[in-house]
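K.L.:
Would you mind keeping the following structure in view while I ask a few things?
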Amino acid sequence: MTERVPVNLITGFLGVGKTTAIRHLLANKPADEYWAVLVNEFGEVGIDGAAIAAASEQLDVVEVPGGCICCTTSPMLRVSLTKLLQKRRPTRLIIEPSGLGHPSGIVDMLRDPWLAKELEVRATITLLDPRHLNDSRYTSHDIWREQIALGDVLIANKCDRADAEDIDRFEAMGAAIFPPKLAVLTTTQARIAPALLDLQRETVSSQRRYRPRVTTPAPATGAGMGWIWPAETRFSADRLASFFREPTALAEVQAAGLLRAKGVFHSDQGWLLFNWVDGEANAVEIAWRQDSRCEVLVGREDAGLWAAVQAALEACVLP
């Protein structure tokens with residue numbers, strides 16, 4: 001059986017250095033590997049593609065011009081990928097979406113059953129300019145936030161142009177993100193280590209969908225437990241909403257003194273982030289696409305607590 005081609009997205013807002021990062025990766029790739037790069041040009045004239053193509057001879061550059069490959073020209077993405085795979089099969093494929101695109105739509109398409117047989121989604125790299133963290137034009141922008149949420153690796157570029165407060169703000173944000181990133185790094189000149197492309201979370205087998213694992217160590221102030229399900233497991237959004245609205249309806253949770261509950265789930269209404277704190281719950285859409293996961297923090301651990309929570313969460317899983 002032919003091995004699937006590893007695919008990485010290099011995403012980020014306009015002007016953060018995506019093309020430069022890809023050129024750096026290509027300059028440092030193994031000499032015997034043949035890579036392909038799919039570039040989404042925002043206009044009709046390809047500029048980024050030409051810049052990337054000059055980086056290596058062991059390279060196939062495919063341009064999808066005239067829009068966003070995750071919305072207006074998404075059929076073109078599928079066509080371009082099909083043609084690319086029918087030509088010389090690459091060792092790796094890198095996709096550079098438009099800085100104005102919704103990259104989560106690309107990941108959804110890559111996991112389509114036909115493409116998933118040929119392509120294996122690896123780490124998504126999100127670049128940002130740390131100076132933007134103090135600018136509401138960026139921090140309030142839905143696409144900017146989606147790009148950060150989707151990334152497995154978050155990298156602040158252009159750090160030589162940022163001040164210490166910008167860097168501190170970036171590192172604080174990176175440390176606070178849920179679900180956590182595989183790596184939160186700083187760089188200049190968009191220099192990215194090729195090894196980052198293959199960073200992976202622990203694989204969650206679909207055969208273990210009802211055997212979630214402990215993912216959160218017990219903190220000094222209480223007890224914590226985490227569960228992980230594979231990305232293909234889907235949950236009922238309505239049932240999850242009921243659980244997060246009143247998790248203390250479980251007698252075991254009420255007795256343990258709930259401090260916090262949060263989770264990101266692949267639901268029948270899309271990918272959703274649920275949060276419970278101080279008696280209030282909310283849910284928002286999120287670009288996270290790696291897996292479903294939940295963490296619960298209580299004041300003390302009582303007998304039967306985690307089994308009861310796990311049973312309540314598994315009752316939300318769709319057949």
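Following the order of the structure tokens, first chain is A, next is B, and so on, with residues numbered from 1 inside each chain and ligands from 1 in the order they appear.
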Which parts of segment 256-287 of chain A does DSSP call strand (DSSP E or B) when run on the backbone here, written out as an MDAnalysis selection string?

P.N.:
chainID A and resid 258:268 270:277 280:285

K.L.:
Would you save the residues from that selection as a PDB file, in the first residue's frame, using N, CA and C atoms?

P.N.:
```
ATOM      1  N   LEU A 258     -16.905  21.578  41.982  1.00  0.00           N
ATOM      2  CA  LEU A 258     -16.409  21.880  40.639  1.00  0.00           C
ATOM      3  C   LEU A 258     -15.777  23.265  40.585  1.00  0.00           C
ATOM      4  N   LEU A 259     -14.576  23.336  40.039  1.00  0.00           N
ATOM      5  CA  LEU A 259     -13.877  24.607  39.875  1.00  0.00           C
ATOM      6  C   LEU A 259     -13.891  25.074  38.425  1.00  0.00           C
ATOM      7  N   ARG A 260     -13.744  24.131  37.490  1.00  0.00           N
ATOM      8  CA  ARG A 260     -13.663  24.513  36.080  1.00  0.00           C
ATOM      9  C   ARG A 260     -13.932  23.295  35.205  1.00  0.00           C
ATOM     10  N   ALA A 261     -14.600  23.502  34.102  1.00  0.00           N
ATOM     11  CA  ALA A 261     -14.795  22.465  33.094  1.00  0.00           C
ATOM     12  C   ALA A 261     -14.699  23.120  31.732  1.00  0.00           C
ATOM     13  N   LYS A 262     -13.927  22.532  30.848  1.00  0.00           N
ATOM     14  CA  LYS A 262     -13.786  23.086  29.506  1.00  0.00           C
ATOM     15  C   LYS A 262     -13.509  21.959  28.535  1.00  0.00           C
ATOM     16  N   GLY A 263     -13.899  22.159  27.292  1.00  0.00           N
ATOM     17  CA  GLY A 263     -13.659  21.113  26.309  1.00  0.00           C
ATOM     18  C   GLY A 263     -13.901  21.615  24.904  1.00  0.00           C
ATOM     19  N   VAL A 264     -13.233  20.997  23.957  1.00  0.00           N
ATOM     20  CA  VAL A 264     -13.456  21.276  22.541  1.00  0.00           C
ATOM     21  C   VAL A 264     -13.906  19.970  21.903  1.00  0.00           C
ATOM     22  N   PHE A 265     -14.984  20.049  21.116  1.00  0.00           N
ATOM     23  CA  PHE A 265     -15.620  18.837  20.615  1.00  0.00           C
ATOM     24  C   PHE A 265     -15.993  18.983  19.146  1.00  0.00           C
ATOM     25  N   HIS A 266     -15.843  17.865  18.404  1.00  0.00           N
ATOM     26  CA  HIS A 266     -16.359  17.777  17.043  1.00  0.00           C
ATOM     27  C   HIS A 266     -17.818  17.359  17.166  1.00  0.00           C
ATOM     28  N   SER A 267     -18.723  18.286  16.925  1.00  0.00           N
ATOM     29  CA  SER A 267     -20.142  18.023  17.166  1.00  0.00           C
ATOM     30  C   SER A 267     -20.932  18.011  15.867  1.00  0.00           C
ATOM     31  N   ASP A 268     -22.211  17.694  15.986  1.00  0.00           N
ATOM     32  CA  ASP A 268     -23.088  17.720  14.817  1.00  0.00           C
ATOM     33  C   ASP A 268     -23.410  19.145  14.390  1.00  0.00           C
ATOM     34  N   GLY A 270     -20.699  21.365  14.162  1.00  0.00           N
ATOM     35  CA  GLY A 270     -19.355  21.864  13.918  1.00  0.00           C
ATOM     36  C   GLY A 270     -18.467  21.696  15.131  1.00  0.00           C
ATOM     37  N   TRP A 271     -17.271  22.272  15.065  1.00  0.00           N
ATOM     38  CA  TRP A 271     -16.329  22.197  16.173  1.00  0.00           C
ATOM     39  C   TRP A 271     -16.641  23.309  17.164  1.00  0.00           C
ATOM     40  N   LEU A 272     -16.857  22.926  18.427  1.00  0.00           N
ATOM     41  CA  LEU A 272     -17.298  23.881  19.443  1.00  0.00           C
ATOM     42  C   LEU A 272     -16.412  23.816  20.680  1.00  0.00           C
ATOM     43  N   LEU A 273     -16.161  24.986  21.264  1.00  0.00           N
ATOM     44  CA  LEU A 273     -15.443  25.099  22.530  1.00  0.00           C
ATOM     45  C   LEU A 273     -16.448  25.409  23.621  1.00  0.00           C
ATOM     46  N   PHE A 274     -16.557  24.511  24.619  1.00  0.00           N
ATOM     47  CA  PHE A 274     -17.439  24.708  25.763  1.00  0.00           C
ATOM     48  C   PHE A 274     -16.609  25.094  26.979  1.00  0.00           C
ATOM     49  N   ASN A 275     -17.181  25.973  27.801  1.00  0.00           N
ATOM     50  CA  ASN A 275     -16.458  26.445  28.976  1.00  0.00           C
ATOM     51  C   ASN A 275     -17.436  26.650  30.124  1.00  0.00           C
ATOM     52  N   TRP A 276     -17.077  26.141  31.308  1.00  0.00           N
ATOM     53  CA  TRP A 276     -17.864  26.367  32.531  1.00  0.00           C
ATOM     54  C   TRP A 276     -16.935  26.907  33.603  1.00  0.00           C
ATOM     55  N   VAL A 277     -17.293  28.064  34.163  1.00  0.00           N
ATOM     56  CA  VAL A 277     -16.514  28.645  35.248  1.00  0.00           C
ATOM     57  C   VAL A 277     -17.432  29.553  36.062  1.00  0.00           C
ATOM     58  N   GLU A 280     -21.202  29.701  35.327  1.00  0.00           N
ATOM     59  CA  GLU A 280     -21.685  30.156  34.031  1.00  0.00           C
ATOM     60  C   GLU A 280     -21.042  29.336  32.909  1.00  0.00           C
ATOM     61  N   ALA A 281     -21.838  29.054  31.881  1.00  0.00           N
ATOM     62  CA  ALA A 281     -21.351  28.251  30.755  1.00  0.00           C
ATOM     63  C   ALA A 281     -21.525  29.010  29.450  1.00  0.00           C
ATOM     64  N   ASN A 282     -20.641  28.747  28.500  1.00  0.00           N
ATOM     65  CA  ASN A 282     -20.802  29.315  27.169  1.00  0.00           C
ATOM     66  C   ASN A 282     -20.192  28.358  26.156  1.00  0.00           C
ATOM     67  N   ALA A 283     -20.562  28.555  24.919  1.00  0.00           N
ATOM     68  CA  ALA A 283     -20.034  27.740  23.822  1.00  0.00           C
ATOM     69  C   ALA A 283     -19.812  28.628  22.612  1.00  0.00           C
ATOM     70  N   VAL A 284     -18.688  28.441  21.944  1.00  0.00           N
ATOM     71  CA  VAL A 284     -18.365  29.211  20.740  1.00  0.00           C
ATOM     72  C   VAL A 284     -17.761  28.282  19.701  1.00  0.00           C
ATOM     73  N   GLU A 285     -17.861  28.670  18.443  1.00  0.00           N
ATOM     74  CA  GLU A 285     -17.200  27.908  17.380  1.00  0.00           C
ATOM     75  C   GLU A 285     -15.689  28.064  17.505  1.00  0.00           C
TER      76      GLU A 285
END
```

K.L.:
Which residues of segment 163-278 of chain A have any atom within 9 Å of an atom in segment 130-137 of chain A when counting only C-alpha atoms, and what is the closest pair of atoms for each, with the distance in Å to one decimal? Order the rows by chain and rising number and write it as a Markdown table.

P.N.:
```
| residue | atom | partner | partner_atom | distance |
| --- | --- | --- | --- | --- |
| A:Asp163 | CA | A:Arg131 | CA | 8.1 |
| A:Asp166 | CA | A:Pro130 | CA | 5.5 |
| A:Ile167 | CA | A:Pro130 | CA | 6.3 |
| A:Arg169 | CA | A:Leu133 | CA | 7.2 |
| A:Phe170 | CA | A:Pro130 | CA | 6.0 |
```

K.L.:
Taking only residues of segment 121-229 of chain A that have an atom at most 7 Å from an atom of segment 293-307 of chain A, what is each one's shortest atom pair and its distance in Å to one decimal, using only C-alpha atoms, in chain and number order, as a Markdown table?

P.N.:
```
| residue | atom | partner | partner_atom | distance |
| --- | --- | --- | --- | --- |
| A:Thr221 | CA | A:Gly299 | CA | 6.9 |
| A:Gly222 | CA | A:Gly299 | CA | 4.4 |
| A:Ala223 | CA | A:Val298 | CA | 5.4 |
| A:Gly224 | CA | A:Leu297 | CA | 4.4 |
| A:Met225 | CA | A:Val296 | CA | 5.6 |
| A:Gly226 | CA | A:Glu295 | CA | 4.3 |
| A:Trp227 | CA | A:Cys294 | CA | 5.3 |
| A:Ile228 | CA | A:Arg293 | CA | 4.4 |
| A:Trp229 | CA | A:Arg293 | CA | 6.2 |
```

K.L.:
Please save C-alpha atoms of the selected residues as a CSV table (one decimal), in the first residue's frame.

P.N.:
```
chain,number,residue,atom,x,y,z
A,221,THR,CA,-5.2,23.3,44.5
A,222,GLY,CA,-7.4,20.4,43.5
A,223,ALA,CA,-7.8,17.4,41.3
A,224,GLY,CA,-8.0,17.3,37.5
A,225,MET,CA,-8.8,14.8,34.8
A,226,GLY,CA,-8.8,15.0,31.0
A,227,TRP,CA,-10.2,12.9,28.2
A,228,ILE,CA,-9.3,12.7,24.5
A,229,TRP,CA,-11.3,11.3,21.6
```

K.L.:
Looking at A:Ala164, A:Phe235, A:Pro97, A:Asp198, which one is nearest to Gln269 of chain A, with distances taken over only C-alpha atoms?

P.N.:
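So, comparing all the options, the nearest one is A:Phe235.
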
K.L.:
Ranking A:Ala315, A:Ile192, A:Ile155, A:Leu182 by minimum distance to Gly12 of chain A and counting only C-alpha atoms, which one comes first?

P.N.:
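Going through A:Ala315, A:Ile192, A:Ile155, A:Leu182 one by one, the smallest distance to Gly12 of chain A is for A:Ile155.
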
K.L.:
Select, from A:Ala176, A:Ala190, A:Leu115, A:Leu84, the residue with the minimum atom-to-atom distance to Thr19 of chain A, counting only C-alpha atoms.

P.N.:
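Closest to Thr19 of chain A of all the choices is A:Ala190.
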